[in-house]
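> Please find my_file-v7.pdb (PDB, N, CA and C atoms) on the next line:
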```pdb
MODEL        1
ATOM      1  N   MET A 145     -12.860 -15.426 -24.576  1.00  0.00           N
ATOM      2  CA  MET A 145     -13.243 -16.518 -23.709  1.00  0.00           C
ATOM      3  C   MET A 145     -14.407 -16.039 -22.842  1.00  0.00           C
ATOM      4  N   MET A 146     -15.417 -16.830 -22.771  1.00  0.00           N
ATOM      5  CA  MET A 146     -16.604 -16.496 -21.981  1.00  0.00           C
ATOM      6  C   MET A 146     -16.682 -17.432 -20.773  1.00  0.00           C
ATOM      7  N   PHE A 147     -17.105 -16.857 -19.657  1.00  0.00           N
ATOM      8  CA  PHE A 147     -17.276 -17.625 -18.441  1.00  0.00           C
ATOM      9  C   PHE A 147     -18.740 -17.559 -18.023  1.00  0.00           C
ATOM     10  N   SER A 148     -19.217 -18.637 -17.446  1.00  0.00           N
ATOM     11  CA  SER A 148     -20.586 -18.641 -16.949  1.00  0.00           C
ATOM     12  C   SER A 148     -20.632 -17.900 -15.616  1.00  0.00           C
ATOM     13  N   GLU A 149     -21.842 -17.541 -15.206  1.00  0.00           N
ATOM     14  CA  GLU A 149     -22.001 -16.851 -13.927  1.00  0.00           C
ATOM     15  C   GLU A 149     -21.515 -17.723 -12.775  1.00  0.00           C
ATOM     16  N   GLN A 150     -21.723 -19.031 -12.881  1.00  0.00           N
ATOM     17  CA  GLN A 150     -21.273 -19.952 -11.834  1.00  0.00           C
ATOM     18  C   GLN A 150     -19.751 -19.971 -11.740  1.00  0.00           C
ATOM     19  N   GLU A 151     -19.059 -19.786 -12.861  1.00  0.00           N
ATOM     20  CA  GLU A 151     -17.601 -19.795 -12.859  1.00  0.00           C
ATOM     21  C   GLU A 151     -17.029 -18.482 -12.338  1.00  0.00           C
ATOM     22  N   ILE A 152     -17.662 -17.366 -12.651  1.00  0.00           N
ATOM     23  CA  ILE A 152     -17.110 -16.057 -12.309  1.00  0.00           C
ATOM     24  C   ILE A 152     -17.518 -15.589 -10.911  1.00  0.00           C
ATOM     25  N   LYS A 153     -18.660 -16.047 -10.396  1.00  0.00           N
ATOM     26  CA  LYS A 153     -19.142 -15.585  -9.094  1.00  0.00           C
ATOM     27  C   LYS A 153     -18.129 -15.808  -7.974  1.00  0.00           C
ATOM     28  N   PRO A 154     -17.487 -16.955  -7.841  1.00  0.00           N
ATOM     29  CA  PRO A 154     -16.499 -17.122  -6.760  1.00  0.00           C
ATOM     30  C   PRO A 154     -15.326 -16.134  -6.870  1.00  0.00           C
ATOM     31  N   VAL A 155     -14.966 -15.775  -8.084  1.00  0.00           N
ATOM     32  CA  VAL A 155     -13.879 -14.812  -8.272  1.00  0.00           C
ATOM     33  C   VAL A 155     -14.306 -13.450  -7.738  1.00  0.00           C
ATOM     34  N   TRP A 156     -15.501 -12.994  -8.123  1.00  0.00           N
ATOM     35  CA  TRP A 156     -15.970 -11.695  -7.652  1.00  0.00           C
ATOM     36  C   TRP A 156     -16.239 -11.705  -6.157  1.00  0.00           C
ATOM     37  N   ASP A 157     -16.657 -12.839  -5.611  1.00  0.00           N
ATOM     38  CA  ASP A 157     -16.843 -12.951  -4.168  1.00  0.00           C
ATOM     39  C   ASP A 157     -15.507 -12.749  -3.446  1.00  0.00           C
ATOM     40  N   GLU A 158     -14.454 -13.330  -3.975  1.00  0.00           N
ATOM     41  CA  GLU A 158     -13.127 -13.188  -3.371  1.00  0.00           C
ATOM     42  C   GLU A 158     -12.606 -11.759  -3.516  1.00  0.00           C
ATOM     43  N   VAL A 159     -12.848 -11.139  -4.655  1.00  0.00           N
ATOM     44  CA  VAL A 159     -12.450  -9.740  -4.857  1.00  0.00           C
ATOM     45  C   VAL A 159     -13.187  -8.855  -3.844  1.00  0.00           C
ATOM     46  N   ALA A 160     -14.478  -9.080  -3.668  1.00  0.00           N
ATOM     47  CA  ALA A 160     -15.257  -8.313  -2.699  1.00  0.00           C
ATOM     48  C   ALA A 160     -14.748  -8.546  -1.280  1.00  0.00           C
ATOM     49  N   ARG A 161     -14.359  -9.769  -0.976  1.00  0.00           N
ATOM     50  CA  ARG A 161     -13.815 -10.083   0.351  1.00  0.00           C
ATOM     51  C   ARG A 161     -12.511  -9.329   0.587  1.00  0.00           C
ATOM     52  N   LEU A 162     -11.641  -9.272  -0.424  1.00  0.00           N
ATOM     53  CA  LEU A 162     -10.379  -8.529  -0.297  1.00  0.00           C
ATOM     54  C   LEU A 162     -10.630  -7.053  -0.021  1.00  0.00           C
ATOM     55  N   ILE A 163     -11.600  -6.478  -0.720  1.00  0.00           N
ATOM     56  CA  ILE A 163     -11.947  -5.074  -0.495  1.00  0.00           C
ATOM     57  C   ILE A 163     -12.503  -4.895   0.917  1.00  0.00           C
ATOM     58  N   GLY A 164     -13.382  -5.790   1.334  1.00  0.00           N
ATOM     59  CA  GLY A 164     -13.953  -5.721   2.674  1.00  0.00           C
ATOM     60  C   GLY A 164     -12.902  -5.843   3.766  1.00  0.00           C
ATOM     61  N   ASP A 165     -11.957  -6.753   3.590  1.00  0.00           N
ATOM     62  CA  ASP A 165     -10.865  -6.897   4.554  1.00  0.00           C
ATOM     63  C   ASP A 165     -10.041  -5.616   4.637  1.00  0.00           C
ATOM     64  N   SER A 166      -9.803  -4.997   3.496  1.00  0.00           N
ATOM     65  CA  SER A 166      -9.042  -3.744   3.474  1.00  0.00           C
ATOM     66  C   SER A 166      -9.793  -2.633   4.192  1.00  0.00           C
ATOM     67  N   VAL A 167     -11.107  -2.568   3.990  1.00  0.00           N
ATOM     68  CA  VAL A 167     -11.930  -1.578   4.680  1.00  0.00           C
ATOM     69  C   VAL A 167     -11.807  -1.773   6.193  1.00  0.00           C
ATOM     70  N   MET A 168     -11.914  -3.012   6.644  1.00  0.00           N
ATOM     71  CA  MET A 168     -11.825  -3.296   8.075  1.00  0.00           C
ATOM     72  C   MET A 168     -10.452  -2.926   8.630  1.00  0.00           C
ATOM     73  N   GLN A 169      -9.393  -3.222   7.893  1.00  0.00           N
ATOM     74  CA  GLN A 169      -8.045  -2.895   8.353  1.00  0.00           C
ATOM     75  C   GLN A 169      -7.843  -1.382   8.440  1.00  0.00           C
ATOM     76  N   LEU A 170      -8.312  -0.652   7.440  1.00  0.00           N
ATOM     77  CA  LEU A 170      -8.172   0.803   7.464  1.00  0.00           C
ATOM     78  C   LEU A 170      -8.977   1.407   8.614  1.00  0.00           C
ATOM     79  N   ARG A 171     -10.186   0.926   8.814  1.00  0.00           N
ATOM     80  CA  ARG A 171     -11.025   1.425   9.906  1.00  0.00           C
ATOM     81  C   ARG A 171     -10.388   1.120  11.267  1.00  0.00           C
ATOM     82  N   HIS A 172      -9.827  -0.076  11.396  1.00  0.00           N
ATOM     83  CA  HIS A 172      -9.183  -0.474  12.643  1.00  0.00           C
ATOM     84  C   HIS A 172      -7.999   0.444  12.965  1.00  0.00           C
ATOM     85  N   ARG A 173      -7.288   0.879  11.944  1.00  0.00           N
ATOM     86  CA  ARG A 173      -6.142   1.779  12.128  1.00  0.00           C
ATOM     87  C   ARG A 173      -6.564   3.241  12.231  1.00  0.00           C
ATOM     88  N   GLY A 174      -7.844   3.513  12.046  1.00  0.00           N
ATOM     89  CA  GLY A 174      -8.341   4.874  12.151  1.00  0.00           C
ATOM     90  C   GLY A 174      -8.001   5.746  10.952  1.00  0.00           C
ATOM     91  N   GLU A 175      -7.702   5.121   9.830  1.00  0.00           N
ATOM     92  CA  GLU A 175      -7.366   5.878   8.625  1.00  0.00           C
ATOM     93  C   GLU A 175      -8.633   6.333   7.905  1.00  0.00           C
ATOM     94  N   VAL A 176      -8.481   7.396   7.131  1.00  0.00           N
ATOM     95  CA  VAL A 176      -9.586   7.906   6.328  1.00  0.00           C
ATOM     96  C   VAL A 176      -9.948   6.855   5.286  1.00  0.00           C
ATOM     97  N   LEU A 177     -11.227   6.618   5.128  1.00  0.00           N
ATOM     98  CA  LEU A 177     -11.690   5.593   4.198  1.00  0.00           C
ATOM     99  C   LEU A 177     -12.191   6.249   2.914  1.00  0.00           C
ATOM    100  N   THR A 178     -11.391   6.145   1.865  1.00  0.00           N
ATOM    101  CA  THR A 178     -11.749   6.646   0.544  1.00  0.00           C
ATOM    102  C   THR A 178     -11.351   5.595  -0.485  1.00  0.00           C
ATOM    103  N   VAL A 179     -11.805   5.782  -1.695  1.00  0.00           N
ATOM    104  CA  VAL A 179     -11.402   4.872  -2.779  1.00  0.00           C
ATOM    105  C   VAL A 179      -9.884   4.912  -2.932  1.00  0.00           C
ATOM    106  N   GLU A 180      -9.311   6.102  -2.795  1.00  0.00           N
ATOM    107  CA  GLU A 180      -7.866   6.247  -2.953  1.00  0.00           C
ATOM    108  C   GLU A 180      -7.096   5.506  -1.862  1.00  0.00           C
ATOM    109  N   THR A 181      -7.556   5.620  -0.606  1.00  0.00           N
ATOM    110  CA  THR A 181      -6.841   4.925   0.470  1.00  0.00           C
ATOM    111  C   THR A 181      -7.018   3.411   0.348  1.00  0.00           C
ATOM    112  N   LEU A 182      -8.195   2.982  -0.097  1.00  0.00           N
ATOM    113  CA  LEU A 182      -8.400   1.542  -0.318  1.00  0.00           C
ATOM    114  C   LEU A 182      -7.480   1.029  -1.426  1.00  0.00           C
ATOM    115  N   ALA A 183      -7.416   1.765  -2.531  1.00  0.00           N
ATOM    116  CA  ALA A 183      -6.557   1.357  -3.645  1.00  0.00           C
ATOM    117  C   ALA A 183      -5.095   1.345  -3.217  1.00  0.00           C
ATOM    118  N   LYS A 184      -4.685   2.329  -2.432  1.00  0.00           N
ATOM    119  CA  LYS A 184      -3.298   2.381  -1.953  1.00  0.00           C
ATOM    120  C   LYS A 184      -3.003   1.184  -1.051  1.00  0.00           C
ATOM    121  N   HIS A 185      -3.935   0.877  -0.151  1.00  0.00           N
ATOM    122  CA  HIS A 185      -3.765  -0.270   0.749  1.00  0.00           C
ATOM    123  C   HIS A 185      -3.642  -1.572  -0.048  1.00  0.00           C
ATOM    124  N   LEU A 186      -4.517  -1.737  -1.037  1.00  0.00           N
ATOM    125  CA  LEU A 186      -4.465  -2.947  -1.865  1.00  0.00           C
ATOM    126  C   LEU A 186      -3.190  -2.989  -2.703  1.00  0.00           C
ATOM    127  N   THR A 187      -2.717  -1.845  -3.165  1.00  0.00           N
ATOM    128  CA  THR A 187      -1.470  -1.796  -3.926  1.00  0.00           C
ATOM    129  C   THR A 187      -0.301  -2.236  -3.056  1.00  0.00           C
ATOM    130  N   GLN A 188      -0.310  -1.844  -1.793  1.00  0.00           N
ATOM    131  CA  GLN A 188       0.737  -2.295  -0.870  1.00  0.00           C
ATOM    132  C   GLN A 188       0.679  -3.805  -0.689  1.00  0.00           C
ATOM    133  N   GLN A 189      -0.534  -4.344  -0.592  1.00  0.00           N
ATOM    134  CA  GLN A 189      -0.680  -5.799  -0.489  1.00  0.00           C
ATOM    135  C   GLN A 189      -0.157  -6.477  -1.754  1.00  0.00           C
ATOM    136  N   LEU A 190      -0.454  -5.874  -2.901  1.00  0.00           N
ATOM    137  CA  LEU A 190       0.009  -6.422  -4.180  1.00  0.00           C
ATOM    138  C   LEU A 190       1.528  -6.460  -4.230  1.00  0.00           C
ATOM    139  N   ASP A 191       2.161  -5.392  -3.764  1.00  0.00           N
ATOM    140  CA  ASP A 191       3.624  -5.321  -3.761  1.00  0.00           C
ATOM    141  C   ASP A 191       4.254  -6.371  -2.854  1.00  0.00           C
ATOM    142  N   ASP A 192       3.551  -6.737  -1.781  1.00  0.00           N
ATOM    143  CA  ASP A 192       4.073  -7.702  -0.806  1.00  0.00           C
ATOM    144  C   ASP A 192       3.741  -9.150  -1.138  1.00  0.00           C
ATOM    145  N   CYS A 193       2.978  -9.375  -2.194  1.00  0.00           N
ATOM    146  CA  CYS A 193       2.461 -10.711  -2.509  1.00  0.00           C
ATOM    147  C   CYS A 193       3.251 -11.373  -3.642  1.00  0.00           C
ATOM    148  N   ASN A 194       3.547 -12.662  -3.461  1.00  0.00           N
ATOM    149  CA  ASN A 194       4.238 -13.434  -4.491  1.00  0.00           C
ATOM    150  C   ASN A 194       3.335 -14.465  -5.165  1.00  0.00           C
ATOM    151  N   ASP A 195       2.164 -14.709  -4.593  1.00  0.00           N
ATOM    152  CA  ASP A 195       1.233 -15.701  -5.121  1.00  0.00           C
ATOM    153  C   ASP A 195       0.504 -15.110  -6.338  1.00  0.00           C
ATOM    154  N   ILE A 196       0.680 -15.718  -7.493  1.00  0.00           N
ATOM    155  CA  ILE A 196       0.136 -15.197  -8.748  1.00  0.00           C
ATOM    156  C   ILE A 196      -1.384 -15.078  -8.694  1.00  0.00           C
ATOM    157  N   GLU A 197      -2.064 -16.093  -8.198  1.00  0.00           N
ATOM    158  CA  GLU A 197      -3.538 -16.057  -8.145  1.00  0.00           C
ATOM    159  C   GLU A 197      -4.021 -14.907  -7.269  1.00  0.00           C
ATOM    160  N   ARG A 198      -3.396 -14.741  -6.113  1.00  0.00           N
ATOM    161  CA  ARG A 198      -3.784 -13.646  -5.208  1.00  0.00           C
ATOM    162  C   ARG A 198      -3.465 -12.290  -5.831  1.00  0.00           C
ATOM    163  N   ARG A 199      -2.345 -12.178  -6.544  1.00  0.00           N
ATOM    164  CA  ARG A 199      -1.987 -10.930  -7.215  1.00  0.00           C
ATOM    165  C   ARG A 199      -3.048 -10.558  -8.251  1.00  0.00           C
ATOM    166  N   ILE A 200      -3.556 -11.544  -8.967  1.00  0.00           N
ATOM    167  CA  ILE A 200      -4.602 -11.297  -9.968  1.00  0.00           C
ATOM    168  C   ILE A 200      -5.871 -10.795  -9.285  1.00  0.00           C
ATOM    169  N   LEU A 201      -6.243 -11.429  -8.175  1.00  0.00           N
ATOM    170  CA  LEU A 201      -7.442 -11.011  -7.442  1.00  0.00           C
ATOM    171  C   LEU A 201      -7.284  -9.605  -6.868  1.00  0.00           C
ATOM    172  N   ILE A 202      -6.116  -9.298  -6.309  1.00  0.00           N
ATOM    173  CA  ILE A 202      -5.871  -7.959  -5.772  1.00  0.00           C
ATOM    174  C   ILE A 202      -5.905  -6.935  -6.899  1.00  0.00           C
ATOM    175  N   GLY A 203      -5.300  -7.281  -8.034  1.00  0.00           N
ATOM    176  CA  GLY A 203      -5.336  -6.384  -9.191  1.00  0.00           C
ATOM    177  C   GLY A 203      -6.757  -6.121  -9.658  1.00  0.00           C
ATOM    178  N   ALA A 204      -7.591  -7.160  -9.648  1.00  0.00           N
ATOM    179  CA  ALA A 204      -8.995  -6.990 -10.029  1.00  0.00           C
ATOM    180  C   ALA A 204      -9.714  -6.082  -9.032  1.00  0.00           C
ATOM    181  N   ALA A 205      -9.406  -6.221  -7.748  1.00  0.00           N
ATOM    182  CA  ALA A 205     -10.020  -5.363  -6.735  1.00  0.00           C
ATOM    183  C   ALA A 205      -9.619  -3.914  -6.933  1.00  0.00           C
ATOM    184  N   ILE A 206      -8.352  -3.686  -7.223  1.00  0.00           N
ATOM    185  CA  ILE A 206      -7.879  -2.315  -7.472  1.00  0.00           C
ATOM    186  C   ILE A 206      -8.575  -1.734  -8.697  1.00  0.00           C
ATOM    187  N   ASN A 207      -8.649  -2.507  -9.759  1.00  0.00           N
ATOM    188  CA  ASN A 207      -9.310  -2.026 -10.973  1.00  0.00           C
ATOM    189  C   ASN A 207     -10.787  -1.753 -10.746  1.00  0.00           C
ATOM    190  N   MET A 208     -11.442  -2.598  -9.953  1.00  0.00           N
ATOM    191  CA  MET A 208     -12.858  -2.396  -9.657  1.00  0.00           C
ATOM    192  C   MET A 208     -13.053  -1.079  -8.907  1.00  0.00           C
ATOM    193  N   LEU A 209     -12.186  -0.797  -7.962  1.00  0.00           N
ATOM    194  CA  LEU A 209     -12.289   0.462  -7.210  1.00  0.00           C
ATOM    195  C   LEU A 209     -12.046   1.665  -8.103  1.00  0.00           C
ATOM    196  N   LYS A 210     -11.037   1.573  -8.938  1.00  0.00           N
ATOM    197  CA  LYS A 210     -10.687   2.703  -9.804  1.00  0.00           C
ATOM    198  C   LYS A 210     -11.745   2.942 -10.875  1.00  0.00           C
ATOM    199  N   ASP A 211     -12.408   1.881 -11.324  1.00  0.00           N
ATOM    200  CA  ASP A 211     -13.450   2.003 -12.333  1.00  0.00           C
ATOM    201  C   ASP A 211     -14.794   2.381 -11.738  1.00  0.00           C
ATOM    202  N   GLY A 212     -14.882   2.355 -10.411  1.00  0.00           N
ATOM    203  CA  GLY A 212     -16.125   2.723  -9.735  1.00  0.00           C
ATOM    204  C   GLY A 212     -17.248   1.731  -9.882  1.00  0.00           C
ATOM    205  N   LYS A 213     -16.917   0.459 -10.049  1.00  0.00           N
ATOM    206  CA  LYS A 213     -17.948  -0.561 -10.237  1.00  0.00           C
ATOM    207  C   LYS A 213     -18.332  -1.198  -8.931  1.00  0.00           C
TER     208      LYS A 213
ENDMDL
END
```
For the file at hand, write its structure as structure tokens.

Amino acid sequence: MMFSEQEIKPVWDEVARLIGDSVMQLRHRGEVLTVETLAKHLTQQLDDCNDIERRILIGAAINMLKDGK
């Protein structure tokens, strides 16, 4: 299945927003900011989330961090 740039851009914007929110939360708590701490923070959010759409977006954010993209 192929998606156009117009269809996929809002998804990546939301994934980027989730990562940005996590960065702000970690910085606010004074935690070390690394890819590992970001992924751990997002994994905790994933564990606490029941909304399927949000779980998919969080999973995409975790994968993006782990893949270094």
> Using DSSP secondary structure from the backbone, list all helix (DSSP H, G or I) positions within stretch 146-213 of chain A, as a VMD selection string.
chain A and resid 149 to 172 179 to 192 196 to 211
> Residues as selected, N, CA and C atoms, written as a short mmCIF file (atom, residue, chain, number, x, y, z; two decimals), in the coordinates of the input, can you do that?

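Final file, result_17.cif:
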```cif
data_model
loop_
_atom_site.label_atom_id
_atom_site.label_comp_id
_atom_site.auth_asym_id
_atom_site.auth_seq_id
_atom_site.Cartn_x
_atom_site.Cartn_y
_atom_site.Cartn_z
N GLU A 149 -21.84 -17.54 -15.21
CA GLU A 149 -22.00 -16.85 -13.93
C GLU A 149 -21.52 -17.72 -12.78
N GLN A 150 -21.72 -19.03 -12.88
CA GLN A 150 -21.27 -19.95 -11.83
C GLN A 150 -19.75 -19.97 -11.74
N GLU A 151 -19.06 -19.79 -12.86
CA GLU A 151 -17.60 -19.80 -12.86
C GLU A 151 -17.03 -18.48 -12.34
N ILE A 152 -17.66 -17.37 -12.65
CA ILE A 152 -17.11 -16.06 -12.31
C ILE A 152 -17.52 -15.59 -10.91
N LYS A 153 -18.66 -16.05 -10.40
CA LYS A 153 -19.14 -15.58 -9.09
C LYS A 153 -18.13 -15.81 -7.97
N PRO A 154 -17.49 -16.95 -7.84
CA PRO A 154 -16.50 -17.12 -6.76
C PRO A 154 -15.33 -16.13 -6.87
N VAL A 155 -14.97 -15.78 -8.08
CA VAL A 155 -13.88 -14.81 -8.27
C VAL A 155 -14.31 -13.45 -7.74
N TRP A 156 -15.50 -12.99 -8.12
CA TRP A 156 -15.97 -11.70 -7.65
C TRP A 156 -16.24 -11.70 -6.16
N ASP A 157 -16.66 -12.84 -5.61
CA ASP A 157 -16.84 -12.95 -4.17
C ASP A 157 -15.51 -12.75 -3.45
N GLU A 158 -14.45 -13.33 -3.98
CA GLU A 158 -13.13 -13.19 -3.37
C GLU A 158 -12.61 -11.76 -3.52
N VAL A 159 -12.85 -11.14 -4.66
CA VAL A 159 -12.45 -9.74 -4.86
C VAL A 159 -13.19 -8.86 -3.84
N ALA A 160 -14.48 -9.08 -3.67
CA ALA A 160 -15.26 -8.31 -2.70
C ALA A 160 -14.75 -8.55 -1.28
N ARG A 161 -14.36 -9.77 -0.98
CA ARG A 161 -13.82 -10.08 0.35
C ARG A 161 -12.51 -9.33 0.59
N LEU A 162 -11.64 -9.27 -0.42
CA LEU A 162 -10.38 -8.53 -0.30
C LEU A 162 -10.63 -7.05 -0.02
N ILE A 163 -11.60 -6.48 -0.72
CA ILE A 163 -11.95 -5.07 -0.50
C ILE A 163 -12.50 -4.89 0.92
N GLY A 164 -13.38 -5.79 1.33
CA GLY A 164 -13.95 -5.72 2.67
C GLY A 164 -12.90 -5.84 3.77
N ASP A 165 -11.96 -6.75 3.59
CA ASP A 165 -10.86 -6.90 4.55
C ASP A 165 -10.04 -5.62 4.64
N SER A 166 -9.80 -5.00 3.50
CA SER A 166 -9.04 -3.74 3.47
C SER A 166 -9.79 -2.63 4.19
N VAL A 167 -11.11 -2.57 3.99
CA VAL A 167 -11.93 -1.58 4.68
C VAL A 167 -11.81 -1.77 6.19
N MET A 168 -11.91 -3.01 6.64
CA MET A 168 -11.82 -3.30 8.07
C MET A 168 -10.45 -2.93 8.63
N GLN A 169 -9.39 -3.22 7.89
CA GLN A 169 -8.04 -2.90 8.35
C GLN A 169 -7.84 -1.38 8.44
N LEU A 170 -8.31 -0.65 7.44
CA LEU A 170 -8.17 0.80 7.46
C LEU A 170 -8.98 1.41 8.61
N ARG A 171 -10.19 0.93 8.81
CA ARG A 171 -11.02 1.42 9.91
C ARG A 171 -10.39 1.12 11.27
N HIS A 172 -9.83 -0.08 11.40
CA HIS A 172 -9.18 -0.47 12.64
C HIS A 172 -8.00 0.44 12.96
N VAL A 179 -11.80 5.78 -1.70
CA VAL A 179 -11.40 4.87 -2.78
C VAL A 179 -9.88 4.91 -2.93
N GLU A 180 -9.31 6.10 -2.80
CA GLU A 180 -7.87 6.25 -2.95
C GLU A 180 -7.10 5.51 -1.86
N THR A 181 -7.56 5.62 -0.61
CA THR A 181 -6.84 4.92 0.47
C THR A 181 -7.02 3.41 0.35
N LEU A 182 -8.20 2.98 -0.10
CA LEU A 182 -8.40 1.54 -0.32
C LEU A 182 -7.48 1.03 -1.43
N ALA A 183 -7.42 1.76 -2.53
CA ALA A 183 -6.56 1.36 -3.64
C ALA A 183 -5.10 1.34 -3.22
N LYS A 184 -4.68 2.33 -2.43
CA LYS A 184 -3.30 2.38 -1.95
C LYS A 184 -3.00 1.18 -1.05
N HIS A 185 -3.94 0.88 -0.15
CA HIS A 185 -3.76 -0.27 0.75
C HIS A 185 -3.64 -1.57 -0.05
N LEU A 186 -4.52 -1.74 -1.04
CA LEU A 186 -4.46 -2.95 -1.86
C LEU A 186 -3.19 -2.99 -2.70
N THR A 187 -2.72 -1.84 -3.16
CA THR A 187 -1.47 -1.80 -3.93
C THR A 187 -0.30 -2.24 -3.06
N GLN A 188 -0.31 -1.84 -1.79
CA GLN A 188 0.74 -2.30 -0.87
C GLN A 188 0.68 -3.80 -0.69
N GLN A 189 -0.53 -4.34 -0.59
CA GLN A 189 -0.68 -5.80 -0.49
C GLN A 189 -0.16 -6.48 -1.75
N LEU A 190 -0.45 -5.87 -2.90
CA LEU A 190 0.01 -6.42 -4.18
C LEU A 190 1.53 -6.46 -4.23
N ASP A 191 2.16 -5.39 -3.76
CA ASP A 191 3.62 -5.32 -3.76
C ASP A 191 4.25 -6.37 -2.85
N ASP A 192 3.55 -6.74 -1.78
CA ASP A 192 4.07 -7.70 -0.81
C ASP A 192 3.74 -9.15 -1.14
N ILE A 196 0.68 -15.72 -7.49
CA ILE A 196 0.14 -15.20 -8.75
C ILE A 196 -1.38 -15.08 -8.69
N GLU A 197 -2.06 -16.09 -8.20
CA GLU A 197 -3.54 -16.06 -8.14
C GLU A 197 -4.02 -14.91 -7.27
N ARG A 198 -3.40 -14.74 -6.11
CA ARG A 198 -3.78 -13.65 -5.21
C ARG A 198 -3.46 -12.29 -5.83
N ARG A 199 -2.35 -12.18 -6.54
CA ARG A 199 -1.99 -10.93 -7.22
C ARG A 199 -3.05 -10.56 -8.25
N ILE A 200 -3.56 -11.54 -8.97
CA ILE A 200 -4.60 -11.30 -9.97
C ILE A 200 -5.87 -10.80 -9.28
N LEU A 201 -6.24 -11.43 -8.18
CA LEU A 201 -7.44 -11.01 -7.44
C LEU A 201 -7.28 -9.60 -6.87
N ILE A 202 -6.12 -9.30 -6.31
CA ILE A 202 -5.87 -7.96 -5.77
C ILE A 202 -5.90 -6.94 -6.90
N GLY A 203 -5.30 -7.28 -8.03
CA GLY A 203 -5.34 -6.38 -9.19
C GLY A 203 -6.76 -6.12 -9.66
N ALA A 204 -7.59 -7.16 -9.65
CA ALA A 204 -8.99 -6.99 -10.03
C ALA A 204 -9.71 -6.08 -9.03
N ALA A 205 -9.41 -6.22 -7.75
CA ALA A 205 -10.02 -5.36 -6.74
C ALA A 205 -9.62 -3.91 -6.93
N ILE A 206 -8.35 -3.69 -7.22
CA ILE A 206 -7.88 -2.32 -7.47
C ILE A 206 -8.57 -1.73 -8.70
N ASN A 207 -8.65 -2.51 -9.76
CA ASN A 207 -9.31 -2.03 -10.97
C ASN A 207 -10.79 -1.75 -10.75
N MET A 208 -11.44 -2.60 -9.95
CA MET A 208 -12.86 -2.40 -9.66
C MET A 208 -13.05 -1.08 -8.91
N LEU A 209 -12.19 -0.80 -7.96
CA LEU A 209 -12.29 0.46 -7.21
C LEU A 209 -12.05 1.66 -8.10
N LYS A 210 -11.04 1.57 -8.94
CA LYS A 210 -10.69 2.70 -9.80
C LYS A 210 -11.74 2.94 -10.88
N ASP A 211 -12.41 1.88 -11.32
CA ASP A 211 -13.45 2.00 -12.33
C ASP A 211 -14.79 2.38 -11.74
#
```
> Using only C-alpha atoms, which of A:Gln169, A:Val159, A:Phe147, A:Val179 sits nearest A:Leu209?
A:Val179
> Between atom C of A:Glu151 and atom CA of A:Gln189, what is the spacing in Å?
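Result for atom CA of A:Gln189 versus atom C of A:Glu151: 23.8 Å, one decimal.
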> Which one is closest to A:Asn207: A:Ala183, A:Ser148, A:Asp191, A:Arg171? Count all atoms listed in the file.
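Closest candidate: A:Ala183.
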> Interatomic distance between atom CA of A:Ile206 and atom C of A:Leu182?
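Result for atom CA of A:Ile206 versus atom C of A:Leu182: 6.9 Å, one decimal.
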> Output the residue selection produced by the PyMOL selection byres ((chain A and resi 162-168) around 8) on the file above, formatted as a list of chain:residue names.
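Output from the PyMOL selection byres ((chain A and resi 162-168) around 8), applied to this file: A:Trp156, A:Asp157, A:Glu158, A:Val159, A:Ala160, A:Arg161, A:Gln169, A:Leu170, A:Arg171, A:His172, A:Arg173, A:Gly174, A:Leu177, A:Thr181, A:Leu182, A:His185, A:Leu186, A:Leu201, A:Ile202, A:Ala205, A:Ile206.
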> Generate the coordinates of N, CA, C and O atoms for stretch 197-205 of chain A; report them as a JSON list (two decimals), in the coordinates of the input.

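Dumped everything to rebuild06.json:
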```
[["chain", "number", "residue", "atom", "x", "y", "z"],
["A", 197, "GLU", "N", -2.06, -16.09, -8.20],
["A", 197, "GLU", "CA", -3.54, -16.06, -8.14],
["A", 197, "GLU", "C", -4.02, -14.91, -7.27],
["A", 197, "GLU", "O", -4.92, -14.16, -7.65],
["A", 198, "ARG", "N", -3.40, -14.74, -6.11],
["A", 198, "ARG", "CA", -3.78, -13.65, -5.21],
["A", 198, "ARG", "C", -3.46, -12.29, -5.83],
["A", 198, "ARG", "O", -4.23, -11.34, -5.69],
["A", 199, "ARG", "N", -2.35, -12.18, -6.54],
["A", 199, "ARG", "CA", -1.99, -10.93, -7.22],
["A", 199, "ARG", "C", -3.05, -10.56, -8.25],
["A", 199, "ARG", "O", -3.41, -9.39, -8.39],
["A", 200, "ILE", "N", -3.56, -11.54, -8.97],
["A", 200, "ILE", "CA", -4.60, -11.30, -9.97],
["A", 200, "ILE", "C", -5.87, -10.80, -9.28],
["A", 200, "ILE", "O", -6.50, -9.83, -9.74],
["A", 201, "LEU", "N", -6.24, -11.43, -8.18],
["A", 201, "LEU", "CA", -7.44, -11.01, -7.44],
["A", 201, "LEU", "C", -7.28, -9.60, -6.87],
["A", 201, "LEU", "O", -8.21, -8.79, -6.95],
["A", 202, "ILE", "N", -6.12, -9.30, -6.31],
["A", 202, "ILE", "CA", -5.87, -7.96, -5.77],
["A", 202, "ILE", "C", -5.90, -6.94, -6.90],
["A", 202, "ILE", "O", -6.48, -5.85, -6.76],
["A", 203, "GLY", "N", -5.30, -7.28, -8.03],
["A", 203, "GLY", "CA", -5.34, -6.38, -9.19],
["A", 203, "GLY", "C", -6.76, -6.12, -9.66],
["A", 203, "GLY", "O", -7.12, -4.99, -10.00],
["A", 204, "ALA", "N", -7.59, -7.16, -9.65],
["A", 204, "ALA", "CA", -8.99, -6.99, -10.03],
["A", 204, "ALA", "C", -9.71, -6.08, -9.03],
["A", 204, "ALA", "O", -10.54, -5.25, -9.43],
["A", 205, "ALA", "N", -9.41, -6.22, -7.75],
["A", 205, "ALA", "CA", -10.02, -5.36, -6.74],
["A", 205, "ALA", "C", -9.62, -3.91, -6.93],
["A", 205, "ALA", "O", -10.47, -3.01, -6.86]]
```
